[in-house]
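Asks: Below is the file target_38.txt, which contains compact mmCIF, C-alpha atoms.
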# COMPACT_ATOMS: atom_id res chain seq x y z
CA MET A 1 0.00 0.00 0.00
CA ALA A 2 1.36 3.42 -0.95
CA GLU A 3 2.17 5.96 1.75
CA PRO A 4 -0.73 8.45 2.02
CA ASP A 5 0.17 11.94 0.82
CA ASN A 6 -1.33 13.65 3.86
CA VAL A 7 0.06 11.41 6.59
CA ASP A 8 2.00 14.31 8.12
CA GLU A 9 -1.02 16.60 8.40
CA GLU A 10 -2.30 17.63 11.82
CA PHE A 11 -4.57 15.10 13.52
CA LEU A 12 -8.22 15.58 12.54
CA LEU A 13 -10.93 14.35 14.89
CA LEU A 14 -14.19 13.63 13.06
CA ASN A 15 -15.78 11.32 15.62
CA PRO A 16 -19.33 12.13 16.79
CA GLY A 17 -17.83 13.11 20.14
CA PRO A 18 -15.57 14.07 21.60
CA VAL A 19 -15.16 16.81 19.00
CA PRO A 20 -12.28 19.24 18.39
CA VAL A 21 -12.16 22.20 20.77
CA THR A 22 -10.67 25.64 20.24
CA GLU A 23 -7.37 26.84 21.64
CA ASP A 24 -9.21 29.22 23.99
CA VAL A 25 -11.26 26.36 25.38
CA LEU A 26 -8.10 24.32 25.97
CA ALA A 27 -6.26 27.27 27.51
CA SER A 28 -9.06 27.89 30.02
CA MET A 29 -8.32 24.55 31.69
CA THR A 30 -4.73 25.53 32.50
CA GLU A 31 -5.64 28.43 34.80
CA PRO A 32 -4.72 28.10 38.51
CA MET A 33 -7.01 25.85 40.50
CA VAL A 34 -9.62 27.41 42.79
CA SER A 35 -12.09 26.03 45.28
CA HIS A 36 -15.40 24.87 43.90
CA ARG A 37 -17.00 26.88 46.72
CA SER A 38 -15.23 30.12 45.84
CA ALA A 39 -16.57 33.30 44.30
CA ASP A 40 -14.29 32.63 41.32
CA PHE A 41 -16.01 29.33 40.63
CA GLU A 42 -19.46 30.85 41.08
CA ALA A 43 -18.58 33.39 38.41
CA THR A 44 -17.53 30.55 36.10
CA TYR A 45 -20.78 28.68 36.70
CA GLU A 46 -22.79 31.84 36.07
CA ARG A 47 -20.98 32.46 32.76
CA ALA A 48 -21.60 28.88 31.65
CA GLN A 49 -25.22 28.98 32.75
CA GLU A 50 -25.92 32.23 30.90
CA GLY A 51 -24.43 30.78 27.73
CA LEU A 52 -26.40 27.57 28.11
CA ASP A 53 -29.61 29.54 28.64
CA ALA A 54 -29.03 31.18 25.27
CA VAL A 55 -28.24 27.88 23.54
CA PHE A 56 -31.19 26.01 25.02
CA THR A 57 -33.72 28.75 24.35
CA ARG A 58 -32.47 30.51 21.19
CA SER A 59 -31.52 27.63 18.91
CA THR A 60 -33.60 28.86 15.99
CA PRO A 61 -32.72 30.24 12.56
CA GLU A 62 -33.98 33.61 13.80
CA GLY A 63 -32.20 33.48 17.16
CA THR A 64 -35.47 34.24 18.92
CA SER A 65 -36.38 32.82 22.32
CA THR A 66 -38.43 29.63 22.47
CA SER A 67 -38.81 29.44 26.25
CA GLU A 68 -39.90 31.94 28.87
CA ALA A 69 -39.14 30.02 32.05
CA GLY A 70 -36.64 27.32 32.91
CA THR A 71 -33.24 26.60 34.46
CA SER A 72 -30.01 25.42 32.88
CA LEU A 73 -28.10 22.95 35.05
CA ILE A 74 -24.52 21.73 34.66
CA LEU A 75 -23.86 18.16 35.78
CA ASN A 76 -20.61 16.53 36.86
CA GLY A 77 -20.98 13.67 34.40
CA THR A 78 -21.63 13.00 30.73
CA ALA A 79 -25.09 13.08 29.18
CA THR A 80 -26.02 9.56 30.30
CA MET A 81 -26.08 11.01 33.80
CA GLY A 82 -28.47 13.68 32.57
CA MET A 83 -30.67 11.12 30.85
CA GLU A 84 -30.90 9.06 34.02
CA ALA A 85 -31.49 12.13 36.19
CA ALA A 86 -34.34 13.25 33.95
CA VAL A 87 -36.04 9.85 34.17
CA ALA A 88 -35.36 9.08 37.82
CA ASN A 89 -36.59 12.43 39.13
CA VAL A 90 -39.98 12.41 37.41
CA ILE A 91 -41.21 8.81 37.65
CA ASP A 92 -41.83 6.33 40.43
CA GLU A 93 -42.21 2.57 40.40
CA GLY A 94 -45.37 1.72 38.49
CA ASP A 95 -45.45 4.92 36.44
CA GLU A 96 -45.97 4.40 32.74
CA VAL A 97 -43.19 5.35 30.31
CA VAL A 98 -43.24 5.34 26.52
CA ALA A 99 -39.73 5.17 25.07
CA LEU A 100 -39.09 5.79 21.38
CA VAL A 101 -36.30 3.63 19.99
CA ASN A 102 -34.69 3.68 16.54
CA GLY A 103 -31.04 3.64 17.55
CA LYS A 104 -28.60 3.02 20.38
CA PHE A 105 -29.42 6.09 22.42
CA GLY A 106 -33.18 5.69 22.20
CA ARG A 107 -32.57 2.18 23.48
CA ARG A 108 -30.44 3.62 26.29
CA PHE A 109 -33.32 5.82 27.44
CA ALA A 110 -35.58 2.76 27.55
CA ARG A 111 -33.01 0.74 29.49
CA ILE A 112 -32.68 3.56 32.03
CA ALA A 113 -36.46 3.71 32.46
CA ASP A 114 -36.53 -0.07 33.02
CA ARG A 115 -34.55 0.49 36.22
CA TYR A 116 -37.17 2.79 37.72
CA THR A 117 -40.48 1.25 36.66
CA ASP A 118 -41.76 -2.05 35.36
CA SER A 119 -44.13 -0.31 32.95
CA VAL A 120 -42.04 0.77 29.94
CA THR A 121 -43.57 0.57 26.46
CA ARG A 122 -41.10 0.71 23.59
CA VAL A 123 -42.16 2.17 20.25
CA GLU A 124 -39.46 0.72 18.02
CA ALA A 125 -38.27 0.99 14.46
CA THR A 126 -35.34 -0.61 12.70
CA TRP A 127 -32.19 1.37 13.40
CA GLY A 128 -31.85 3.97 10.68
CA GLU A 129 -35.56 4.10 9.91
CA SER A 130 -38.30 6.47 11.04
CA ILE A 131 -40.44 5.83 14.09
CA PRO A 132 -44.07 5.70 12.88
CA LEU A 133 -46.04 8.49 14.51
CA SER A 134 -49.17 6.35 14.30
CA ALA A 135 -47.52 3.90 16.71
CA VAL A 136 -46.61 6.75 19.05
CA ARG A 137 -50.20 7.99 19.06
CA GLU A 138 -51.37 4.49 19.92
CA ALA A 139 -48.83 4.00 22.71
CA VAL A 140 -49.20 7.35 24.49
CA THR A 141 -52.41 7.58 26.50
CA GLY A 142 -53.86 9.47 29.40
CA ASP A 143 -52.08 7.00 31.69
CA THR A 144 -48.63 7.81 30.28
CA ASP A 145 -46.44 9.67 32.76
CA LEU A 146 -43.29 10.11 30.69
CA VAL A 147 -42.25 10.03 27.03
CA THR A 148 -38.54 9.76 26.17
CA MET A 149 -37.04 10.49 22.78
CA VAL A 150 -33.71 11.14 21.09
CA HIS A 151 -33.76 14.18 18.81
CA ASN A 152 -30.60 13.47 16.82
CA GLU A 153 -29.87 9.72 16.88
CA THR A 154 -26.06 9.68 16.85
CA SER A 155 -25.82 5.98 16.08
CA THR A 156 -27.63 6.24 12.74
CA GLY A 157 -27.54 9.87 11.58
CA LEU A 158 -31.27 10.56 11.86
CA LEU A 159 -33.05 13.69 13.07
CA ASN A 160 -36.24 12.49 14.75
CA PRO A 161 -39.51 14.52 14.82
CA VAL A 162 -39.54 16.00 18.31
CA GLU A 163 -42.18 18.57 17.41
CA GLU A 164 -44.75 15.97 16.36
CA VAL A 165 -44.08 13.72 19.35
CA GLY A 166 -44.20 16.71 21.68
CA GLU A 167 -47.72 17.46 20.47
CA ILE A 168 -48.76 13.90 21.32
CA ALA A 169 -47.16 14.05 24.78
CA GLU A 170 -48.74 17.43 25.51
CA LYS A 171 -52.18 16.21 24.47
CA HIS A 172 -52.01 13.51 27.15
CA ASP A 173 -50.27 15.68 29.76
CA ALA A 174 -47.21 13.41 29.80
CA CYS A 175 -43.78 14.73 30.75
CA PHE A 176 -41.59 14.90 27.63
CA VAL A 177 -37.84 14.35 28.05
CA VAL A 178 -35.58 14.77 25.02
CA ASP A 179 -31.98 13.77 24.38
CA GLY A 180 -30.62 16.69 22.36
CA VAL A 181 -27.04 15.56 22.84
CA THR A 182 -25.91 15.91 19.22
CA SER A 183 -28.35 18.61 18.14
CA ILE A 184 -28.40 21.30 20.82
CA GLY A 185 -25.68 23.80 19.98
CA GLY A 186 -25.60 22.80 16.32
CA ASP A 187 -29.16 22.65 15.03
CA VAL A 188 -32.67 23.96 15.62
CA PHE A 189 -34.20 23.14 19.00
CA ARG A 190 -37.45 24.72 20.26
CA VAL A 191 -38.24 24.04 23.92
CA ASP A 192 -41.69 25.66 24.13
CA ASP A 193 -42.89 25.12 20.56
CA TRP A 194 -42.09 21.41 20.81
CA ASN A 195 -43.55 21.02 24.35
CA VAL A 196 -40.23 19.78 25.74
CA ASP A 197 -40.15 19.56 29.54
CA VAL A 198 -36.52 18.49 30.03
CA ALA A 199 -33.76 18.69 27.43
CA VAL A 200 -30.36 17.02 27.88
CA THR A 201 -27.11 17.74 26.07
CA ASP A 202 -23.40 17.00 26.45
CA ALA A 203 -20.34 19.22 26.59
CA GLN A 204 -18.34 17.07 24.19
CA LYS A 205 -20.77 17.28 21.26
CA ALA A 206 -22.16 20.33 19.46
CA LEU A 207 -21.27 22.59 22.41
CA GLY A 208 -17.60 22.07 21.49
CA ALA A 209 -16.19 21.48 24.98
CA PRO A 210 -14.18 18.59 26.48
CA PRO A 211 -15.94 15.44 27.75
CA GLY A 212 -16.81 15.02 31.39
CA VAL A 213 -19.71 17.40 32.07
CA SER A 214 -23.18 17.73 30.60
CA ALA A 215 -26.11 20.10 30.80
CA MET A 216 -29.86 20.01 30.99
CA TYR A 217 -32.68 22.51 30.72
CA VAL A 218 -35.52 22.03 33.19
CA THR A 219 -38.74 23.93 32.54
CA GLU A 220 -40.94 25.24 35.33
CA ARG A 221 -43.55 22.62 34.44
CA ALA A 222 -40.97 19.87 34.86
CA GLU A 223 -39.82 21.30 38.20
CA GLU A 224 -43.29 20.67 39.57
CA ALA A 225 -43.00 16.98 38.64
CA ILE A 226 -39.52 16.46 40.08
CA ASP A 227 -39.07 14.34 43.21
CA GLY A 228 -35.38 14.26 44.06
CA GLU A 229 -35.94 11.65 46.77
CA SER A 230 -36.80 9.10 44.06
CA ALA A 231 -33.51 9.62 42.22
CA PRO A 232 -29.96 8.50 42.95
CA PHE A 233 -28.35 10.69 45.61
CA TYR A 234 -25.90 12.24 43.11
CA GLU A 235 -28.71 13.05 40.64
CA ASP A 236 -31.23 14.70 42.97
CA LEU A 237 -32.47 17.50 40.70
CA ASP A 238 -34.25 19.33 43.54
CA TRP A 239 -30.82 19.72 45.11
CA HIS A 240 -29.18 20.68 41.82
CA LEU A 241 -31.83 23.33 41.19
CA ARG A 242 -31.39 24.85 44.65
CA LYS A 243 -27.62 25.03 44.25
CA ALA A 244 -27.90 26.42 40.72
CA ASP A 245 -29.62 29.48 42.17
CA GLN A 246 -26.30 30.10 43.96
CA HIS A 247 -24.23 29.25 40.84
CA GLN A 248 -23.05 26.08 42.51
CA THR A 249 -23.40 22.31 42.28
CA PRO A 250 -24.29 20.04 45.21
CA PHE A 251 -20.92 18.27 45.11
CA THR A 252 -17.32 18.94 44.15
CA SER A 253 -17.26 20.36 40.64
CA ALA A 254 -14.80 19.55 37.86
CA VAL A 255 -13.46 23.12 37.91
CA PRO A 256 -11.35 23.00 34.70
CA LEU A 257 -14.20 21.43 32.74
CA PHE A 258 -16.67 24.06 33.93
CA ARG A 259 -14.22 26.74 32.79
CA ALA A 260 -13.91 25.08 29.39
CA LEU A 261 -17.69 24.85 29.05
CA ALA A 262 -18.07 28.53 29.94
CA VAL A 263 -15.66 29.52 27.16
CA ALA A 264 -17.25 27.12 24.67
CA VAL A 265 -20.79 28.44 25.14
CA GLU A 266 -19.52 32.02 25.00
CA GLU A 267 -17.97 31.16 21.63
CA ILE A 268 -21.37 29.88 20.52
CA THR A 269 -23.13 33.08 21.54
CA ASP A 270 -20.41 35.11 19.82
CA GLU A 271 -20.99 33.19 16.58
CA GLY A 272 -24.75 33.42 17.04
CA MET A 273 -27.08 30.45 16.84
CA PRO A 274 -28.55 31.38 13.43
CA ALA A 275 -25.07 31.43 11.86
CA ARG A 276 -24.03 28.30 13.73
CA ILE A 277 -27.12 26.38 12.61
CA GLU A 278 -26.59 27.45 9.01
CA ARG A 279 -22.92 26.44 9.13
CA HIS A 280 -23.64 22.99 10.55
CA ARG A 281 -26.33 22.38 7.95
CA ARG A 282 -24.04 23.49 5.13
CA GLN A 283 -21.22 21.25 6.34
CA ALA A 284 -23.50 18.24 6.82
CA ALA A 285 -24.80 18.72 3.28
CA ALA A 286 -21.19 18.81 2.07
CA PHE A 287 -20.49 15.45 3.71
CA ARG A 288 -23.69 13.91 2.33
CA GLU A 289 -23.21 15.20 -1.20
CA GLY A 290 -19.49 14.43 -1.18
CA PHE A 291 -19.89 10.82 -0.13
CA THR A 292 -22.80 10.07 -2.45
CA ALA A 293 -21.12 11.79 -5.42
CA MET A 294 -18.10 9.53 -5.05
CA GLY A 295 -20.39 6.49 -5.17
CA LEU A 296 -21.21 5.65 -1.55
CA GLU A 297 -24.68 5.29 -0.02
CA LEU A 298 -26.01 6.96 3.10
CA PHE A 299 -27.16 4.56 5.80
CA ALA A 300 -30.32 6.14 7.20
CA ASP A 301 -33.64 6.10 5.32
CA PRO A 302 -35.91 8.82 6.71
CA GLU A 303 -39.62 9.11 5.96
CA GLY A 304 -42.29 11.63 6.88
CA PRO A 305 -41.10 14.34 9.29
CA THR A 306 -37.89 12.42 10.11
CA GLU A 307 -34.82 13.93 8.42
CA LEU A 308 -31.14 13.22 7.99
CA SER A 309 -28.95 14.60 10.76
CA ASN A 310 -27.19 17.92 10.33
CA THR A 311 -24.38 17.07 12.74
CA VAL A 312 -23.63 13.36 12.17
CA THR A 313 -23.42 11.59 8.80
CA ALA A 314 -23.74 7.80 8.68
CA VAL A 315 -22.63 6.01 5.51
CA ALA A 316 -23.11 2.35 4.60
CA LEU A 317 -19.91 0.45 3.90
CA PRO A 318 -20.02 -1.16 0.44
CA GLU A 319 -21.20 -4.76 0.56
CA SER A 320 -17.91 -6.13 -0.76
CA LEU A 321 -16.03 -4.33 2.02
CA ARG A 322 -18.46 -5.50 4.71
CA GLU A 323 -17.92 -9.08 3.57
CA ALA A 324 -14.15 -8.72 3.31
CA ASP A 325 -12.27 -6.62 5.89
CA PRO A 326 -13.94 -3.43 7.15
CA ASP A 327 -11.05 -2.93 9.58
CA ALA A 328 -8.73 -2.35 6.63
CA PHE A 329 -10.75 0.72 5.63
CA PHE A 330 -10.63 2.19 9.13
CA ALA A 331 -6.89 1.50 9.28
CA ALA A 332 -6.40 3.35 5.98
CA VAL A 333 -8.28 6.34 7.42
CA LYS A 334 -6.16 6.23 10.58
CA GLU A 335 -2.96 6.17 8.48
CA ARG A 336 -3.97 9.59 7.20
CA ASN A 337 -4.09 10.95 10.76
CA VAL A 338 -7.88 11.22 10.73
CA SER A 339 -10.27 9.64 13.22
CA ILE A 340 -13.81 8.60 12.29
CA SER A 341 -16.26 6.21 13.96
CA GLY A 342 -17.66 2.86 12.94
CA GLY A 343 -21.09 1.52 13.68
CA GLN A 344 -22.30 0.71 17.19
CA ALA A 345 -23.79 -2.54 18.45
CA HIS A 346 -25.02 -4.69 15.51
CA LEU A 347 -24.00 -1.95 13.05
CA GLY A 348 -20.32 -2.61 13.73
CA GLY A 349 -18.60 -3.34 10.42
CA GLN A 350 -21.68 -2.09 8.54
CA ILE A 351 -21.32 1.69 8.52
CA PHE A 352 -18.97 4.56 9.26
CA ARG A 353 -19.92 7.87 10.86
CA VAL A 354 -18.40 11.35 10.69
CA SER A 355 -19.25 14.46 12.67
CA ASN A 356 -19.28 18.12 11.74
CA MET A 357 -20.01 19.27 15.29
CA GLY A 358 -18.02 22.02 16.91
CA SER A 359 -15.91 24.48 14.96
CA LEU A 360 -14.63 22.62 11.93
CA SER A 361 -13.42 24.64 8.95
CA PRO A 362 -14.46 24.01 5.32
CA ASP A 363 -10.96 22.68 4.61
CA GLN A 364 -11.36 20.11 7.38
CA ILE A 365 -14.68 18.95 5.93
CA LEU A 366 -13.04 18.55 2.52
CA ARG A 367 -10.14 16.68 4.09
CA GLY A 368 -12.62 14.28 5.67
CA VAL A 369 -14.27 13.61 2.30
CA GLN A 370 -10.91 13.13 0.60
CA THR A 371 -9.61 10.84 3.34
CA VAL A 372 -12.63 8.55 3.13
CA GLY A 373 -12.36 8.41 -0.66
CA GLU A 374 -8.65 7.64 -0.63
CA ALA A 375 -9.09 5.01 2.07
CA MET A 376 -11.82 3.33 0.03
CA THR A 377 -9.50 3.29 -2.96
CA ASP A 378 -6.73 1.75 -0.84
CA VAL A 379 -8.95 -1.21 0.07
CA GLY A 380 -10.10 -1.80 -3.48
CA ILE A 381 -13.41 0.07 -3.58
CA ASP A 382 -13.94 1.98 -6.82
CA VAL A 383 -14.96 5.53 -5.86
CA ASP A 384 -14.60 8.88 -7.64
CA VAL A 385 -12.73 10.99 -5.11
CA GLU A 386 -12.61 14.09 -7.32
CA ALA A 387 -16.36 13.98 -7.93
CA GLY A 388 -16.86 13.74 -4.16
CA LEU A 389 -14.63 16.73 -3.50
CA ASP A 390 -16.31 18.80 -6.21
CA ALA A 391 -19.76 18.06 -4.79
CA ALA A 392 -18.72 18.81 -1.21
CA ASN A 393 -16.99 22.03 -2.21
CA ALA A 394 -20.09 23.17 -4.09
CA GLU A 395 -22.13 22.86 -0.87
CA LEU A 396 -19.49 24.68 1.17
CA GLN A 397 -19.45 27.57 -1.29
Step by step, read the file and then write its structure as structure tokens.
Replies:
Amino acid sequence: MAEPDNVDEEFLLLNPGPVPVTEDVLASMTEPMVSHRSADFEATYERAQEGLDAVFTRSTPEGTSTSEAGTSLILNGTATMGMEAAVANVIDEGDEVVALVNGKFGRRFARIADRYTDSVTRVEATWGESIPLSAVREAVTGDTDLVTMVHNETSTGLLNPVEEVGEIAEKHDACFVVDGVTSIGGDVFRVDDWNVDVAVTDAQKALGAPPGVSAMYVTERAEEAIDGESAPFYEDLDWHLRKADQHQTPFTSAVPLFRALAVAVEEITDEGMPARIERHRRQAAAFREGFTAMGLELFADPEGPTELSNTVTAVALPESLREADPDAFFAAVKERNVSISGGQAHLGGQIFRVSNMGSLSPDQILRGVQTVGEAMTDVGIDVDVEAGLDAANAELQ
């Protein structure tokens, strides 16, 4: 195999999290340590919370507010902690949960709910396909206490219809909890218009911060349903909400990560959510058009209001490669100093996934397209790399 031309280029991280972070975000973590009970830390928390408020409530093409009342919380743990906290604080044993599942993270929500009640109804679709809204309407009733859903299914590259499901949940007065982990900070998200009660996201995704902390937005309506005593001690949201009023967390905070998050969300507000949404959509289109123009096929197959993701692109590996040695393709990508992700669970060896979350440049998007094309060529797959680059560049222009 010939030596790749770009092997000496700077490492490029295109995984769907963690994502690349800016130099300012990195530099913030090197500042002298302070107590997590100090005024300095409270100022950091307040900065991060103000930025998160803007991201959670102004993620629209117009930048207008979509929520009048709610609280942004920062959690000392990744988004799975937020998902569990959202479920555990609003349901008790015997409460009825409807969990929507068409990928790994929808399944994770259902598995979390299984630990807190024996009454979990799954509305399932094949991974990569749309959840039928007719099945959701049938499953959600006046007895439903909680509906869980993933907005942007990272495992398959699908953008699920939160608005339509939110209408169903609201009609039956069910609490609606949404995983916005790979959409919030990079795509449209409307808390009020979509009847979302609790939204969860992660620092290491579209917010463009390091892994280790996550965030959630709790509406006033959800606060009324929260019972911290029913949740794990570390995830008592009543306690978190009380401390957030003081710009604190209940327990020792990961001070450097809170600093990094504060800088990252300030960078988002500086860019402006309308511009950020437009950039992510343009870059996702460049990946989609680039890969399909070179001869590859996208994995997900959306129908109805379900759409392709604007932050994660999932591509099916050619059948001949799936049957031969998929690892050889990923090795050829790695040789070019680029990191992408394969499929999760039963999709391992079936697909690859790339992310455009964070602050990637157009040149980095084009490098990702070129790297995939060259790696395919290395392992004997006939693709048109130049056609892929031309198509991607046309979208970026």
Asks: Could you give me, as a ChimeraX atom specification, the residues that sit within 12 Å of (-39.4, 15.3, 27.6) in the file's coordinates, counting only C-alpha atoms?
Replies: /A:83,86-87,90,97-100,109,145-151,162-163,165-170,173-180,191-192,194-200,216-219,221-222,225
Asks: Output C-alpha atoms for every residue in the selection just made, as an mmCIF file, keeping the file's coordinate frame.
Replies:
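Result file follows (out.cif):
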data_model
loop_
_atom_site.group_PDB
_atom_site.id
_atom_site.type_symbol
_atom_site.label_atom_id
_atom_site.label_comp_id
_atom_site.auth_asym_id
_atom_site.auth_seq_id
_atom_site.Cartn_x
_atom_site.Cartn_y
_atom_site.Cartn_z
ATOM 1 C CA MET A 83 -30.670 11.120 30.850
ATOM 2 C CA ALA A 86 -34.340 13.250 33.950
ATOM 3 C CA VAL A 87 -36.040 9.850 34.170
ATOM 4 C CA VAL A 90 -39.980 12.410 37.410
ATOM 5 C CA VAL A 97 -43.190 5.350 30.310
ATOM 6 C CA VAL A 98 -43.240 5.340 26.520
ATOM 7 C CA ALA A 99 -39.730 5.170 25.070
ATOM 8 C CA LEU A 100 -39.090 5.790 21.380
ATOM 9 C CA PHE A 109 -33.320 5.820 27.440
ATOM 10 C CA ASP A 145 -46.440 9.670 32.760
ATOM 11 C CA LEU A 146 -43.290 10.110 30.690
ATOM 12 C CA VAL A 147 -42.250 10.030 27.030
ATOM 13 C CA THR A 148 -38.540 9.760 26.170
ATOM 14 C CA MET A 149 -37.040 10.490 22.780
ATOM 15 C CA VAL A 150 -33.710 11.140 21.090
ATOM 16 C CA HIS A 151 -33.760 14.180 18.810
ATOM 17 C CA VAL A 162 -39.540 16.000 18.310
ATOM 18 C CA GLU A 163 -42.180 18.570 17.410
ATOM 19 C CA VAL A 165 -44.080 13.720 19.350
ATOM 20 C CA GLY A 166 -44.200 16.710 21.680
ATOM 21 C CA GLU A 167 -47.720 17.460 20.470
ATOM 22 C CA ILE A 168 -48.760 13.900 21.320
ATOM 23 C CA ALA A 169 -47.160 14.050 24.780
ATOM 24 C CA GLU A 170 -48.740 17.430 25.510
ATOM 25 C CA ASP A 173 -50.270 15.680 29.760
ATOM 26 C CA ALA A 174 -47.210 13.410 29.800
ATOM 27 C CA CYS A 175 -43.780 14.730 30.750
ATOM 28 C CA PHE A 176 -41.590 14.900 27.630
ATOM 29 C CA VAL A 177 -37.840 14.350 28.050
ATOM 30 C CA VAL A 178 -35.580 14.770 25.020
ATOM 31 C CA ASP A 179 -31.980 13.770 24.380
ATOM 32 C CA GLY A 180 -30.620 16.690 22.360
ATOM 33 C CA VAL A 191 -38.240 24.040 23.920
ATOM 34 C CA ASP A 192 -41.690 25.660 24.130
ATOM 35 C CA TRP A 194 -42.090 21.410 20.810
ATOM 36 C CA ASN A 195 -43.550 21.020 24.350
ATOM 37 C CA VAL A 196 -40.230 19.780 25.740
ATOM 38 C CA ASP A 197 -40.150 19.560 29.540
ATOM 39 C CA VAL A 198 -36.520 18.490 30.030
ATOM 40 C CA ALA A 199 -33.760 18.690 27.430
ATOM 41 C CA VAL A 200 -30.360 17.020 27.880
ATOM 42 C CA MET A 216 -29.860 20.010 30.990
ATOM 43 C CA TYR A 217 -32.680 22.510 30.720
ATOM 44 C CA VAL A 218 -35.520 22.030 33.190
ATOM 45 C CA THR A 219 -38.740 23.930 32.540
ATOM 46 C CA ARG A 221 -43.550 22.620 34.440
ATOM 47 C CA ALA A 222 -40.970 19.870 34.860
ATOM 48 C CA ALA A 225 -43.000 16.980 38.640
#
Asks: When you look at Pro250 in chain A with a cut-off of 8 Å (counting all atoms listed in the file), what residues show up, excluding the ones that are within fewer than 2 positions of it in the same chain? I need them as a ChimeraX atom specification.
Replies: /A:239-240,243,248,252
Asks: I want to know what sits within 12 Å of Tyr234 in chain A, based on all atoms listed in the file, with residues of the same chain fewer than 4 positions away left out; could you give that as a PyMOL selection string?
Replies: chain A and resi 75-77+81-82+84-85+88-89+228-230+238-240+249-252
Asks: Name the closest residue to Ala215 in chain A among the candidates A:Asn102, A:Ser339, A:Thr44, A:Ser72; distances are taken between atoms, counting only C-alpha atoms.
Replies: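 For Ala215 in chain A, the nearest of the given residues is A:Ser72.
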Asks: Could you give me, as a PyMOL selection string, the residues that have an atom at most 12 Å away from the point (-24.5, 11.5, -5.7) in the coordinates of the file, using all atoms listed in the file?
Replies: chain A and resi 285-298+383-385+387-392
Asks: Identify which of the residues A:Pro232, A:Pro256, A:Gly342, A:Pro210 lies closest to Tyr45 in chain A, counting all atoms listed in the file when measuring atom-to-atom distances.
Replies: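 When distances to Tyr45 in chain A are compared using all atoms listed in the file, the smallest one comes from A:Pro256.
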Asks: With only C-alpha atoms as the basis for distance, which of A:Ser341, A:Ser65, A:Thr71, A:Ser28 is at the shortest distance from Asp245 in chain A?
Replies: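 Closest residue, counting only C-alpha atoms: A:Thr71.
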Asks: Looking at A:Ser183, A:Ser35, A:Thr144, A:Ser155, which one is nearest to Thr313 in chain A, with distances taken over all atoms listed in the file?
Replies: A:Ser155
